[in-house]
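Structure first, then comments.
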Amino acid sequence: QVQLVESGGGLVQAGGSLRLSCAASGRTFSSKAMGWFRQAPGKEREFVAAISQSGGSAYYADSLKGRFAISRDNAKNTVYLNMNRLKPGDSAVYYCASSIVASVVPSRTTSLDWYDSWGQGTQATVSS
């Protein structure tokens, strides 16, 4: 399994931007798809975005398309989540996760059980 450490969270005003990073250790990073999820207090963890092993395919939660962008740098063992035009409703702990497969499969990639390694999360808070 790969070990994951998220960073880049913080407090931002509505309309602002944040860039989250997820640094991975282990040889399998570049062979697996990666995903971002988020969890707000009292709510279930929800899918945000996923990217294939090569970075050639990405998939987003419908409600976040156009505002969030996922990318990866396999040379740096890092996956990123750029979050723009942030809203108070985007406040949550953001988690990155390593998939059990290399590709993005839209019918499965939104499921928590499609991932076998998780980071500890980074808090993003958007003030109104």
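Just remember, in the structure tokens the first chain shown is A, the second B, etc., residues are 1-based per chain, and ligands are 1-based in the order shown.
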Inset, instruction - Mind checking which residues fall within 7 Å of Asp116 in chain A, counting only C-alpha atoms, ignoring those fewer than 5 positions away in the same chain, and posting them as a ChimeraX atom specification? - result: /A:98-100
Name all residues at most 12 Å from Arg45 in chain A (count only C-alpha atoms; drop same-chain ones fewer than 5 positions away) and give them as a PDB file with all heavy atoms, in the first residue's frame.
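The result, stored in selection26.pdb:
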```pdb
ATOM      1  N   TRP A  36      -9.869  12.169  -4.645  1.00  0.00           N
ATOM      2  CA  TRP A  36     -10.087  13.093  -3.525  1.00  0.00           C
ATOM      3  C   TRP A  36     -11.528  12.920  -3.055  1.00  0.00           C
ATOM      4  O   TRP A  36     -12.455  12.842  -3.876  1.00  0.00           O
ATOM      5  CB  TRP A  36      -9.868  14.539  -3.949  1.00  0.00           C
ATOM      6  CG  TRP A  36      -8.439  14.954  -4.088  1.00  0.00           C
ATOM      7  CD1 TRP A  36      -7.706  14.999  -5.239  1.00  0.00           C
ATOM      8  CD2 TRP A  36      -7.568  15.410  -3.046  1.00  0.00           C
ATOM      9  NE1 TRP A  36      -6.432  15.439  -4.971  1.00  0.00           N
ATOM     10  CE2 TRP A  36      -6.319  15.708  -3.631  1.00  0.00           C
ATOM     11  CE3 TRP A  36      -7.718  15.590  -1.674  1.00  0.00           C
ATOM     12  CZ2 TRP A  36      -5.235  16.173  -2.890  1.00  0.00           C
ATOM     13  CZ3 TRP A  36      -6.643  16.061  -0.929  1.00  0.00           C
ATOM     14  CH2 TRP A  36      -5.411  16.345  -1.544  1.00  0.00           C
ATOM     15  N   PHE A  37     -11.689  12.904  -1.748  1.00  0.00           N
ATOM     16  CA  PHE A  37     -12.993  12.863  -1.100  1.00  0.00           C
ATOM     17  C   PHE A  37     -13.040  13.975  -0.060  1.00  0.00           C
ATOM     18  O   PHE A  37     -12.017  14.543   0.308  1.00  0.00           O
ATOM     19  CB  PHE A  37     -13.217  11.513  -0.415  1.00  0.00           C
ATOM     20  CG  PHE A  37     -13.436  10.370  -1.362  1.00  0.00           C
ATOM     21  CD1 PHE A  37     -12.389   9.828  -2.093  1.00  0.00           C
ATOM     22  CD2 PHE A  37     -14.697   9.823  -1.528  1.00  0.00           C
ATOM     23  CE1 PHE A  37     -12.593   8.776  -2.981  1.00  0.00           C
ATOM     24  CE2 PHE A  37     -14.919   8.766  -2.402  1.00  0.00           C
ATOM     25  CZ  PHE A  37     -13.862   8.255  -3.125  1.00  0.00           C
ATOM     26  N   ARG A  38     -14.232  14.267   0.424  1.00  0.00           N
ATOM     27  CA  ARG A  38     -14.340  15.243   1.503  1.00  0.00           C
ATOM     28  C   ARG A  38     -15.433  14.828   2.473  1.00  0.00           C
ATOM     29  O   ARG A  38     -16.348  14.088   2.108  1.00  0.00           O
ATOM     30  CB  ARG A  38     -14.622  16.644   0.952  1.00  0.00           C
ATOM     31  CG  ARG A  38     -15.984  16.807   0.305  1.00  0.00           C
ATOM     32  CD  ARG A  38     -16.116  18.210  -0.303  1.00  0.00           C
ATOM     33  NE  ARG A  38     -17.433  18.452  -0.863  1.00  0.00           N
ATOM     34  CZ  ARG A  38     -17.783  19.562  -1.497  1.00  0.00           C
ATOM     35  NH1 ARG A  38     -16.895  20.552  -1.668  1.00  0.00           N
ATOM     36  NH2 ARG A  38     -19.015  19.716  -1.974  1.00  0.00           N
ATOM     37  N   GLN A  39     -15.303  15.309   3.702  1.00  0.00           N
ATOM     38  CA  GLN A  39     -16.294  14.985   4.727  1.00  0.00           C
ATOM     39  C   GLN A  39     -16.528  16.194   5.608  1.00  0.00           C
ATOM     40  O   GLN A  39     -15.599  16.691   6.253  1.00  0.00           O
ATOM     41  CB  GLN A  39     -15.834  13.794   5.574  1.00  0.00           C
ATOM     42  CG  GLN A  39     -16.885  13.285   6.526  1.00  0.00           C
ATOM     43  CD  GLN A  39     -16.513  11.935   7.111  1.00  0.00           C
ATOM     44  OE1 GLN A  39     -15.360  11.516   7.091  1.00  0.00           O
ATOM     45  NE2 GLN A  39     -17.505  11.221   7.615  1.00  0.00           N
ATOM     46  N   ALA A  40     -17.746  16.663   5.607  1.00  0.00           N
ATOM     47  CA  ALA A  40     -18.149  17.764   6.469  1.00  0.00           C
ATOM     48  C   ALA A  40     -18.720  17.195   7.771  1.00  0.00           C
ATOM     49  O   ALA A  40     -19.170  16.043   7.801  1.00  0.00           O
ATOM     50  CB  ALA A  40     -19.191  18.615   5.753  1.00  0.00           C
ATOM     51  N   ALA A  92     -14.810  21.387   4.639  1.00  0.00           N
ATOM     52  CA  ALA A  92     -14.774  19.960   4.962  1.00  0.00           C
ATOM     53  C   ALA A  92     -13.326  19.554   5.207  1.00  0.00           C
ATOM     54  O   ALA A  92     -12.402  20.312   4.927  1.00  0.00           O
ATOM     55  CB  ALA A  92     -15.361  19.122   3.827  1.00  0.00           C
ATOM     56  N   VAL A  93     -13.176  18.341   5.696  1.00  0.00           N
ATOM     57  CA  VAL A  93     -11.856  17.704   5.697  1.00  0.00           C
ATOM     58  C   VAL A  93     -11.725  16.981   4.360  1.00  0.00           C
ATOM     59  O   VAL A  93     -12.615  16.221   3.971  1.00  0.00           O
ATOM     60  CB  VAL A  93     -11.700  16.713   6.860  1.00  0.00           C
ATOM     61  CG1 VAL A  93     -10.344  16.013   6.777  1.00  0.00           C
ATOM     62  CG2 VAL A  93     -11.849  17.434   8.194  1.00  0.00           C
ATOM     63  N   TYR A  94     -10.646  17.259   3.672  1.00  0.00           N
ATOM     64  CA  TYR A  94     -10.395  16.675   2.355  1.00  0.00           C
ATOM     65  C   TYR A  94      -9.368  15.554   2.482  1.00  0.00           C
ATOM     66  O   TYR A  94      -8.297  15.745   3.078  1.00  0.00           O
ATOM     67  CB  TYR A  94      -9.920  17.744   1.383  1.00  0.00           C
ATOM     68  CG  TYR A  94     -11.046  18.639   0.912  1.00  0.00           C
ATOM     69  CD1 TYR A  94     -11.580  19.610   1.741  1.00  0.00           C
ATOM     70  CD2 TYR A  94     -11.591  18.477  -0.357  1.00  0.00           C
ATOM     71  CE1 TYR A  94     -12.637  20.416   1.331  1.00  0.00           C
ATOM     72  CE2 TYR A  94     -12.641  19.277  -0.778  1.00  0.00           C
ATOM     73  CZ  TYR A  94     -13.157  20.239   0.065  1.00  0.00           C
ATOM     74  OH  TYR A  94     -14.204  21.029  -0.353  1.00  0.00           O
ATOM     75  N   TYR A  95      -9.714  14.412   1.890  1.00  0.00           N
ATOM     76  CA  TYR A  95      -8.871  13.229   1.954  1.00  0.00           C
ATOM     77  C   TYR A  95      -8.445  12.820   0.546  1.00  0.00           C
ATOM     78  O   TYR A  95      -9.266  12.837  -0.371  1.00  0.00           O
ATOM     79  CB  TYR A  95      -9.617  12.057   2.564  1.00  0.00           C
ATOM     80  CG  TYR A  95     -10.092  12.268   3.985  1.00  0.00           C
ATOM     81  CD1 TYR A  95     -11.350  12.819   4.242  1.00  0.00           C
ATOM     82  CD2 TYR A  95      -9.297  11.907   5.068  1.00  0.00           C
ATOM     83  CE1 TYR A  95     -11.796  13.007   5.540  1.00  0.00           C
ATOM     84  CE2 TYR A  95      -9.730  12.084   6.371  1.00  0.00           C
ATOM     85  CZ  TYR A  95     -10.982  12.638   6.602  1.00  0.00           C
ATOM     86  OH  TYR A  95     -11.421  12.821   7.891  1.00  0.00           O
ATOM     87  N   CYS A  96      -7.189  12.409   0.400  1.00  0.00           N
ATOM     88  CA  CYS A  96      -6.812  11.763  -0.851  1.00  0.00           C
ATOM     89  C   CYS A  96      -6.739  10.256  -0.599  1.00  0.00           C
ATOM     90  O   CYS A  96      -6.587   9.805   0.537  1.00  0.00           O
ATOM     91  CB  CYS A  96      -5.501  12.296  -1.407  1.00  0.00           C
ATOM     92  SG  CYS A  96      -4.030  11.855  -0.485  1.00  0.00           S
ATOM     93  N   THR A 110     -16.432   6.502  -7.628  1.00  0.00           N
ATOM     94  CA  THR A 110     -16.993   7.346  -6.575  1.00  0.00           C
ATOM     95  C   THR A 110     -17.171   6.603  -5.254  1.00  0.00           C
ATOM     96  O   THR A 110     -17.550   7.211  -4.252  1.00  0.00           O
ATOM     97  CB  THR A 110     -18.351   7.907  -7.004  1.00  0.00           C
ATOM     98  OG1 THR A 110     -19.243   6.815  -7.245  1.00  0.00           O
ATOM     99  CG2 THR A 110     -18.226   8.732  -8.283  1.00  0.00           C
ATOM    100  N   SER A 111     -16.921   5.297  -5.272  1.00  0.00           N
ATOM    101  CA  SER A 111     -17.140   4.463  -4.089  1.00  0.00           C
ATOM    102  C   SER A 111     -15.906   4.409  -3.206  1.00  0.00           C
ATOM    103  O   SER A 111     -14.798   4.226  -3.693  1.00  0.00           O
ATOM    104  CB  SER A 111     -17.518   3.049  -4.506  1.00  0.00           C
ATOM    105  OG  SER A 111     -18.699   3.050  -5.249  1.00  0.00           O
ATOM    106  N   LEU A 112     -16.105   4.507  -1.896  1.00  0.00           N
ATOM    107  CA  LEU A 112     -14.993   4.443  -0.954  1.00  0.00           C
ATOM    108  C   LEU A 112     -14.261   3.107  -1.058  1.00  0.00           C
ATOM    109  O   LEU A 112     -13.036   3.056  -0.895  1.00  0.00           O
ATOM    110  CB  LEU A 112     -15.494   4.644   0.477  1.00  0.00           C
ATOM    111  CG  LEU A 112     -15.616   6.080   0.980  1.00  0.00           C
ATOM    112  CD1 LEU A 112     -16.707   6.831   0.234  1.00  0.00           C
ATOM    113  CD2 LEU A 112     -15.881   6.100   2.473  1.00  0.00           C
ATOM    114  N   ASP A 113     -14.975   2.029  -1.342  1.00  0.00           N
ATOM    115  CA  ASP A 113     -14.334   0.722  -1.363  1.00  0.00           C
ATOM    116  C   ASP A 113     -13.515   0.488  -2.633  1.00  0.00           C
ATOM    117  O   ASP A 113     -12.944  -0.590  -2.812  1.00  0.00           O
ATOM    118  CB  ASP A 113     -15.356  -0.399  -1.164  1.00  0.00           C
ATOM    119  CG  ASP A 113     -16.447  -0.400  -2.223  1.00  0.00           C
ATOM    120  OD1 ASP A 113     -16.354   0.391  -3.178  1.00  0.00           O
ATOM    121  OD2 ASP A 113     -17.390  -1.202  -2.085  1.00  0.00           O
ATOM    122  N   GLY A 121      -6.116  13.494   6.032  1.00  0.00           N
ATOM    123  CA  GLY A 121      -7.027  14.590   5.730  1.00  0.00           C
ATOM    124  C   GLY A 121      -6.437  15.962   6.020  1.00  0.00           C
ATOM    125  O   GLY A 121      -5.535  16.108   6.845  1.00  0.00           O
TER     126      GLY A 121
END
```
Inset, instruction - Report the residues of chain A whose backbone DSSP state falls under helix (DSSP H, G or I), written as a PyMOL selection string. - result: chain A and resi 29-31+62-64+88-90+112-114
Take the residues from that selection and put them in a file with all heavy atoms, as an mmCIF file, in the first residue's frame.
```
data_model
loop_
_atom_site.group_PDB
_atom_site.id
_atom_site.type_symbol
_atom_site.label_atom_id
_atom_site.label_comp_id
_atom_site.auth_asym_id
_atom_site.auth_seq_id
_atom_site.Cartn_x
_atom_site.Cartn_y
_atom_site.Cartn_z
ATOM 1 N N PHE A 29 2.522 4.316 -6.368
ATOM 2 C CA PHE A 29 1.759 5.541 -6.634
ATOM 3 C C PHE A 29 1.479 5.716 -8.112
ATOM 4 O O PHE A 29 0.344 5.949 -8.525
ATOM 5 C CB PHE A 29 2.510 6.759 -6.097
ATOM 6 C CG PHE A 29 1.880 8.060 -6.500
ATOM 7 C CD1 PHE A 29 0.784 8.553 -5.814
ATOM 8 C CD2 PHE A 29 2.366 8.797 -7.578
ATOM 9 C CE1 PHE A 29 0.177 9.743 -6.190
ATOM 10 C CE2 PHE A 29 1.772 9.988 -7.957
ATOM 11 C CZ PHE A 29 0.672 10.464 -7.257
ATOM 12 N N SER A 30 2.497 5.617 -8.932
ATOM 13 C CA SER A 30 2.341 5.920 -10.349
ATOM 14 C C SER A 30 1.573 4.850 -11.117
ATOM 15 O O SER A 30 1.272 5.037 -12.296
ATOM 16 C CB SER A 30 3.710 6.135 -10.989
ATOM 17 O OG SER A 30 4.493 4.969 -10.871
ATOM 18 N N SER A 31 1.239 3.766 -10.475
ATOM 19 C CA SER A 31 0.503 2.695 -11.145
ATOM 20 C C SER A 31 -0.974 2.670 -10.767
ATOM 21 O O SER A 31 -1.716 1.816 -11.245
ATOM 22 C CB SER A 31 1.129 1.340 -10.825
ATOM 23 O OG SER A 31 0.963 1.020 -9.461
ATOM 24 N N ASP A 62 -20.539 15.791 -10.103
ATOM 25 C CA ASP A 62 -21.259 16.710 -10.991
ATOM 26 C C ASP A 62 -21.318 18.127 -10.429
ATOM 27 O O ASP A 62 -21.172 19.114 -11.162
ATOM 28 C CB ASP A 62 -22.677 16.194 -11.237
ATOM 29 C CG ASP A 62 -22.694 14.996 -12.177
ATOM 30 O OD1 ASP A 62 -21.692 14.774 -12.886
ATOM 31 O OD2 ASP A 62 -23.716 14.281 -12.190
ATOM 32 N N SER A 63 -21.540 18.238 -9.136
ATOM 33 C CA SER A 63 -21.730 19.550 -8.522
ATOM 34 C C SER A 63 -20.449 20.378 -8.466
ATOM 35 O O SER A 63 -20.498 21.585 -8.204
ATOM 36 C CB SER A 63 -22.286 19.386 -7.106
ATOM 37 O OG SER A 63 -21.360 18.673 -6.297
ATOM 38 N N LEU A 64 -19.309 19.738 -8.740
ATOM 39 C CA LEU A 64 -18.027 20.428 -8.606
ATOM 40 C C LEU A 64 -17.343 20.689 -9.949
ATOM 41 O O LEU A 64 -16.299 21.358 -9.994
ATOM 42 C CB LEU A 64 -17.090 19.620 -7.710
ATOM 43 C CG LEU A 64 -17.608 19.357 -6.300
ATOM 44 C CD1 LEU A 64 -16.637 18.474 -5.539
ATOM 45 C CD2 LEU A 64 -17.852 20.665 -5.558
ATOM 46 N N PRO A 88 -18.966 28.456 1.150
ATOM 47 C CA PRO A 88 -18.991 27.906 2.509
ATOM 48 C C PRO A 88 -19.347 26.425 2.546
ATOM 49 O O PRO A 88 -18.848 25.683 3.401
ATOM 50 C CB PRO A 88 -20.048 28.771 3.199
ATOM 51 C CG PRO A 88 -19.943 30.089 2.500
ATOM 52 C CD PRO A 88 -19.683 29.733 1.062
ATOM 53 N N GLY A 89 -20.171 25.972 1.626
ATOM 54 C CA GLY A 89 -20.546 24.569 1.561
ATOM 55 C C GLY A 89 -19.413 23.638 1.176
ATOM 56 O O GLY A 89 -19.553 22.418 1.297
ATOM 57 N N ASP A 90 -18.289 24.208 0.733
ATOM 58 C CA ASP A 90 -17.124 23.382 0.412
ATOM 59 C C ASP A 90 -16.271 23.088 1.644
ATOM 60 O O ASP A 90 -15.304 22.329 1.562
ATOM 61 C CB ASP A 90 -16.253 24.096 -0.628
ATOM 62 C CG ASP A 90 -16.937 24.245 -1.967
ATOM 63 O OD1 ASP A 90 -17.596 23.283 -2.405
ATOM 64 O OD2 ASP A 90 -16.811 25.328 -2.576
ATOM 65 N N LEU A 112 -16.105 4.507 -1.896
ATOM 66 C CA LEU A 112 -14.993 4.443 -0.954
ATOM 67 C C LEU A 112 -14.261 3.107 -1.058
ATOM 68 O O LEU A 112 -13.036 3.056 -0.895
ATOM 69 C CB LEU A 112 -15.494 4.644 0.477
ATOM 70 C CG LEU A 112 -15.616 6.080 0.980
ATOM 71 C CD1 LEU A 112 -16.707 6.831 0.234
ATOM 72 C CD2 LEU A 112 -15.881 6.100 2.473
ATOM 73 N N ASP A 113 -14.975 2.029 -1.342
ATOM 74 C CA ASP A 113 -14.334 0.722 -1.363
ATOM 75 C C ASP A 113 -13.515 0.488 -2.633
ATOM 76 O O ASP A 113 -12.944 -0.590 -2.812
ATOM 77 C CB ASP A 113 -15.356 -0.399 -1.164
ATOM 78 C CG ASP A 113 -16.447 -0.400 -2.223
ATOM 79 O OD1 ASP A 113 -16.354 0.391 -3.178
ATOM 80 O OD2 ASP A 113 -17.390 -1.202 -2.085
ATOM 81 N N TRP A 114 -13.457 1.503 -3.505
ATOM 82 C CA TRP A 114 -12.616 1.426 -4.692
ATOM 83 C C TRP A 114 -11.192 1.890 -4.377
ATOM 84 O O TRP A 114 -10.339 1.909 -5.256
ATOM 85 C CB TRP A 114 -13.231 2.302 -5.782
ATOM 86 C CG TRP A 114 -12.864 1.999 -7.205
ATOM 87 C CD1 TRP A 114 -12.287 2.852 -8.111
ATOM 88 C CD2 TRP A 114 -13.089 0.781 -7.929
ATOM 89 N NE1 TRP A 114 -12.117 2.239 -9.330
ATOM 90 C CE2 TRP A 114 -12.610 0.961 -9.251
ATOM 91 C CE3 TRP A 114 -13.640 -0.461 -7.583
ATOM 92 C CZ2 TRP A 114 -12.687 -0.036 -10.225
ATOM 93 C CZ3 TRP A 114 -13.713 -1.441 -8.553
ATOM 94 C CH2 TRP A 114 -13.233 -1.229 -9.845
#
```
Legend entry - Residues within 12 Å of Ile51 in chain A, only C-alpha atoms, excluding chain neighbours under 2 positions, as a ChimeraX atom specification: /A:29-36,48-49,53-60,69-74,78-81,96-99,101-106,109-110
Residue subset to file, keeping N, CA and C atoms, as a compact mmCIF listing (two decimals), in the first residue's frame:
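Saved as out_10.txt:
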```txt
# COMPACT_ATOMS: atom_id res chain seq x y z
N PHE A 29 2.52 4.32 -6.37
CA PHE A 29 1.76 5.54 -6.63
C PHE A 29 1.48 5.72 -8.11
N SER A 30 2.50 5.62 -8.93
CA SER A 30 2.34 5.92 -10.35
C SER A 30 1.57 4.85 -11.12
N SER A 31 1.24 3.77 -10.47
CA SER A 31 0.50 2.69 -11.14
C SER A 31 -0.97 2.67 -10.77
N LYS A 32 -1.40 3.60 -9.92
CA LYS A 32 -2.77 3.60 -9.43
C LYS A 32 -3.49 4.92 -9.74
N ALA A 33 -4.77 4.80 -9.98
CA ALA A 33 -5.59 6.01 -10.02
C ALA A 33 -5.65 6.60 -8.61
N MET A 34 -5.92 7.90 -8.54
CA MET A 34 -6.00 8.58 -7.25
C MET A 34 -7.31 9.35 -7.16
N GLY A 35 -7.79 9.51 -5.94
CA GLY A 35 -9.04 10.24 -5.75
C GLY A 35 -8.97 11.21 -4.59
N TRP A 36 -9.87 12.17 -4.65
CA TRP A 36 -10.09 13.09 -3.53
C TRP A 36 -11.53 12.92 -3.05
N VAL A 48 -15.11 13.58 -4.56
CA VAL A 48 -14.85 14.89 -5.16
C VAL A 48 -14.34 14.73 -6.59
N ALA A 49 -13.23 14.00 -6.75
CA ALA A 49 -12.62 13.87 -8.07
C ALA A 49 -11.68 12.68 -8.07
N GLN A 53 -4.12 6.69 -13.61
CA GLN A 53 -2.69 6.48 -13.33
C GLN A 53 -1.80 7.41 -14.16
N SER A 54 -2.13 7.60 -15.41
CA SER A 54 -1.31 8.43 -16.30
C SER A 54 -1.64 9.91 -16.20
N GLY A 55 -2.77 10.22 -15.60
CA GLY A 55 -3.24 11.60 -15.59
C GLY A 55 -4.06 11.96 -16.79
N GLY A 56 -4.27 11.01 -17.69
CA GLY A 56 -4.97 11.30 -18.92
C GLY A 56 -6.48 11.37 -18.80
N SER A 57 -7.02 10.80 -17.74
CA SER A 57 -8.47 10.82 -17.53
C SER A 57 -8.78 11.33 -16.14
N ALA A 58 -9.82 12.14 -16.04
CA ALA A 58 -10.27 12.65 -14.76
C ALA A 58 -11.79 12.56 -14.69
N TYR A 59 -12.29 12.48 -13.49
CA TYR A 59 -13.74 12.37 -13.27
C TYR A 59 -14.09 13.18 -12.04
N TYR A 60 -15.21 13.91 -12.13
CA TYR A 60 -15.58 14.83 -11.06
C TYR A 60 -17.01 14.58 -10.59
N ALA A 69 -10.29 21.10 -9.96
CA ALA A 69 -9.47 20.42 -10.97
C ALA A 69 -8.45 19.53 -10.28
N ILE A 70 -8.40 18.27 -10.69
CA ILE A 70 -7.45 17.33 -10.15
C ILE A 70 -6.31 17.14 -11.15
N SER A 71 -5.11 16.98 -10.63
CA SER A 71 -3.94 16.73 -11.48
C SER A 71 -2.95 15.91 -10.68
N ARG A 72 -1.94 15.41 -11.36
CA ARG A 72 -0.91 14.63 -10.68
C ARG A 72 0.43 14.82 -11.35
N ASP A 73 1.47 14.63 -10.56
CA ASP A 73 2.85 14.67 -11.06
C ASP A 73 3.50 13.38 -10.57
N ASN A 74 3.59 12.40 -11.44
CA ASN A 74 4.12 11.10 -11.03
C ASN A 74 5.61 11.18 -10.69
N THR A 78 2.94 13.03 -6.36
CA THR A 78 2.01 13.98 -5.75
C THR A 78 0.77 14.14 -6.62
N VAL A 79 -0.36 14.23 -5.97
CA VAL A 79 -1.62 14.55 -6.64
C VAL A 79 -2.14 15.85 -6.04
N TYR A 80 -2.78 16.64 -6.88
CA TYR A 80 -3.24 17.97 -6.48
C TYR A 80 -4.74 18.11 -6.68
N LEU A 81 -5.31 19.03 -5.91
CA LEU A 81 -6.70 19.42 -6.12
C LEU A 81 -6.76 20.94 -6.06
N CYS A 96 -7.19 12.41 0.40
CA CYS A 96 -6.81 11.76 -0.85
C CYS A 96 -6.74 10.26 -0.60
N ALA A 97 -6.88 9.52 -1.67
CA ALA A 97 -6.93 8.07 -1.57
C ALA A 97 -6.34 7.44 -2.82
N SER A 98 -5.74 6.28 -2.63
CA SER A 98 -5.16 5.53 -3.74
C SER A 98 -6.11 4.42 -4.14
N SER A 99 -6.39 4.35 -5.44
CA SER A 99 -7.35 3.38 -5.94
C SER A 99 -6.75 1.98 -6.01
N VAL A 101 -7.18 0.24 -8.67
CA VAL A 101 -6.92 0.04 -10.08
C VAL A 101 -6.22 1.27 -10.68
N ALA A 102 -5.80 1.12 -11.94
CA ALA A 102 -5.06 2.21 -12.59
C ALA A 102 -5.96 3.21 -13.29
N SER A 103 -7.13 2.75 -13.71
CA SER A 103 -7.99 3.59 -14.53
C SER A 103 -9.12 4.20 -13.71
N VAL A 104 -9.77 5.18 -14.31
CA VAL A 104 -10.96 5.78 -13.72
C VAL A 104 -12.18 5.10 -14.32
N VAL A 105 -12.99 4.49 -13.49
CA VAL A 105 -14.20 3.80 -13.92
C VAL A 105 -15.38 4.55 -13.31
N PRO A 106 -16.04 5.40 -14.09
CA PRO A 106 -17.06 6.28 -13.52
C PRO A 106 -18.10 5.57 -12.65
N THR A 109 -15.65 4.58 -9.41
CA THR A 109 -14.60 5.43 -8.83
C THR A 109 -15.12 6.35 -7.74
N THR A 110 -16.43 6.50 -7.63
CA THR A 110 -16.99 7.35 -6.58
C THR A 110 -17.17 6.60 -5.25
```
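Distances from A:Val126, A:Val2, A:Met83, A:Ala61 to Arg27 in chain A were compared using only C-alpha atoms, and the smallest one belongs to A:Val2.
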Legend entry - Residues flagged strand (DSSP E or B) by DSSP in chain A, as a PyMOL selection string: chain A and resi 3-7+10-13+18-25+34-39+46-51+58-60+68-73+78-83+92-99+115-118+122-127
Inset, instruction - Would you list the contacts of Val5 in chain A as number ranges by chain, taking every protein, DNA or RNA residue within 9 Å and counting only C-alpha atoms, but skipping same-chain residues closer than 5 positions in sequence? - result: A: 21-25, 95-96, 118-122
Writer output for current selection, all heavy atoms, as a CSV table (one decimal), in the first residue's frame:
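The resulting out_23.csv:
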```csv
chain,number,residue,atom,x,y,z
A,21,SER,N,-2.5,19.4,-1.8
A,21,SER,CA,-1.5,18.5,-2.3
A,21,SER,C,-1.6,17.2,-1.5
A,21,SER,O,-2.0,17.2,-0.3
A,21,SER,CB,-0.1,19.1,-2.2
A,21,SER,OG,0.0,20.3,-2.9
A,22,CYS,N,-1.2,16.1,-2.1
A,22,CYS,CA,-1.2,14.8,-1.5
A,22,CYS,C,0.1,14.2,-1.9
A,22,CYS,O,0.3,13.8,-3.1
A,22,CYS,CB,-2.4,14.0,-1.9
A,22,CYS,SG,-2.4,12.3,-1.3
A,23,ALA,N,1.0,14.0,-1.0
A,23,ALA,CA,2.3,13.4,-1.2
A,23,ALA,C,2.2,11.9,-0.9
A,23,ALA,O,1.8,11.6,0.2
A,23,ALA,CB,3.4,14.1,-0.4
A,24,ALA,N,2.7,11.1,-1.8
A,24,ALA,CA,2.7,9.7,-1.6
A,24,ALA,C,4.1,9.1,-1.5
A,24,ALA,O,5.0,9.5,-2.1
A,24,ALA,CB,1.9,9.0,-2.8
A,25,SER,N,4.1,8.1,-0.7
A,25,SER,CA,5.4,7.3,-0.6
A,25,SER,C,5.1,5.9,-1.0
A,25,SER,O,4.0,5.4,-0.8
A,25,SER,CB,5.9,7.3,0.8
A,25,SER,OG,5.0,6.7,1.7
A,95,TYR,N,-9.7,14.4,1.9
A,95,TYR,CA,-8.9,13.2,2.0
A,95,TYR,C,-8.4,12.8,0.5
A,95,TYR,O,-9.3,12.8,-0.4
A,95,TYR,CB,-9.6,12.1,2.6
A,95,TYR,CG,-10.1,12.3,4.0
A,95,TYR,CD1,-11.4,12.8,4.2
A,95,TYR,CD2,-9.3,11.9,5.1
A,95,TYR,CE1,-11.8,13.0,5.5
A,95,TYR,CE2,-9.7,12.1,6.4
A,95,TYR,CZ,-11.0,12.6,6.6
A,95,TYR,OH,-11.4,12.8,7.9
A,96,CYS,N,-7.2,12.4,0.4
A,96,CYS,CA,-6.8,11.8,-0.9
A,96,CYS,C,-6.7,10.3,-0.6
A,96,CYS,O,-6.6,9.8,0.5
A,96,CYS,CB,-5.5,12.3,-1.4
A,96,CYS,SG,-4.0,11.9,-0.5
A,118,TRP,N,-5.6,5.6,2.4
A,118,TRP,CA,-6.2,7.0,2.7
A,118,TRP,C,-5.2,7.8,3.5
A,118,TRP,O,-4.4,7.3,4.3
A,118,TRP,CB,-7.5,6.8,3.5
A,118,TRP,CG,-8.6,6.2,2.7
A,118,TRP,CD1,-8.8,4.8,2.6
A,118,TRP,CD2,-9.6,6.8,2.0
A,118,TRP,NE1,-9.9,4.6,1.8
A,118,TRP,CE2,-10.4,5.8,1.5
A,118,TRP,CE3,-10.0,8.2,1.8
A,118,TRP,CZ2,-11.6,6.1,0.7
A,118,TRP,CZ3,-11.1,8.4,1.1
A,118,TRP,CH2,-11.9,7.4,0.5
A,119,GLY,N,-5.2,9.1,3.2
A,119,GLY,CA,-4.4,10.0,4.0
A,119,GLY,C,-5.2,10.4,5.3
A,119,GLY,O,-6.3,10.0,5.5
A,120,GLN,N,-4.6,11.3,6.1
A,120,GLN,CA,-5.2,11.7,7.3
A,120,GLN,C,-6.2,12.9,7.2
A,120,GLN,O,-6.9,13.2,8.1
A,120,GLN,CB,-4.1,12.0,8.4
A,120,GLN,CG,-3.6,13.5,8.3
A,120,GLN,CD,-2.8,13.7,7.1
A,120,GLN,OE1,-2.3,12.8,6.4
A,120,GLN,NE2,-2.5,15.0,6.8
A,121,GLY,N,-6.1,13.5,6.0
A,121,GLY,CA,-7.0,14.6,5.7
A,121,GLY,C,-6.4,16.0,6.0
A,121,GLY,O,-5.5,16.1,6.8
A,122,THR,N,-7.0,17.0,5.3
A,122,THR,CA,-6.6,18.3,5.6
A,122,THR,C,-7.9,19.2,5.6
A,122,THR,O,-8.7,19.0,4.7
A,122,THR,CB,-5.6,18.9,4.5
A,122,THR,OG1,-5.1,20.2,4.9
A,122,THR,CG2,-6.2,18.9,3.1
```
Inset, instruction - With a distance cut-off of 9 Å and only C-alpha atoms, select the neighbouring residues of Gly15 in chain A, excluding the residue or stretch itself and same-chain residues fewer than 2 positions from it, and output the selection as number ranges by chain. - result: A: 12-13, 17, 84-87, 126, 128
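For the atom pair formed by CA of Gly8 in chain A and CA of Lys76 in chain A, the distance is 16.1 Å, given to one decimal.
The two atoms in question, CA of Leu18 in chain A and CA of Asn77 in chain A, are spaced 19.7 Å apart.
Across the model, the gap from CA of Ala124 in chain A to CA of Gly10 in chain A is 4.9 Å.
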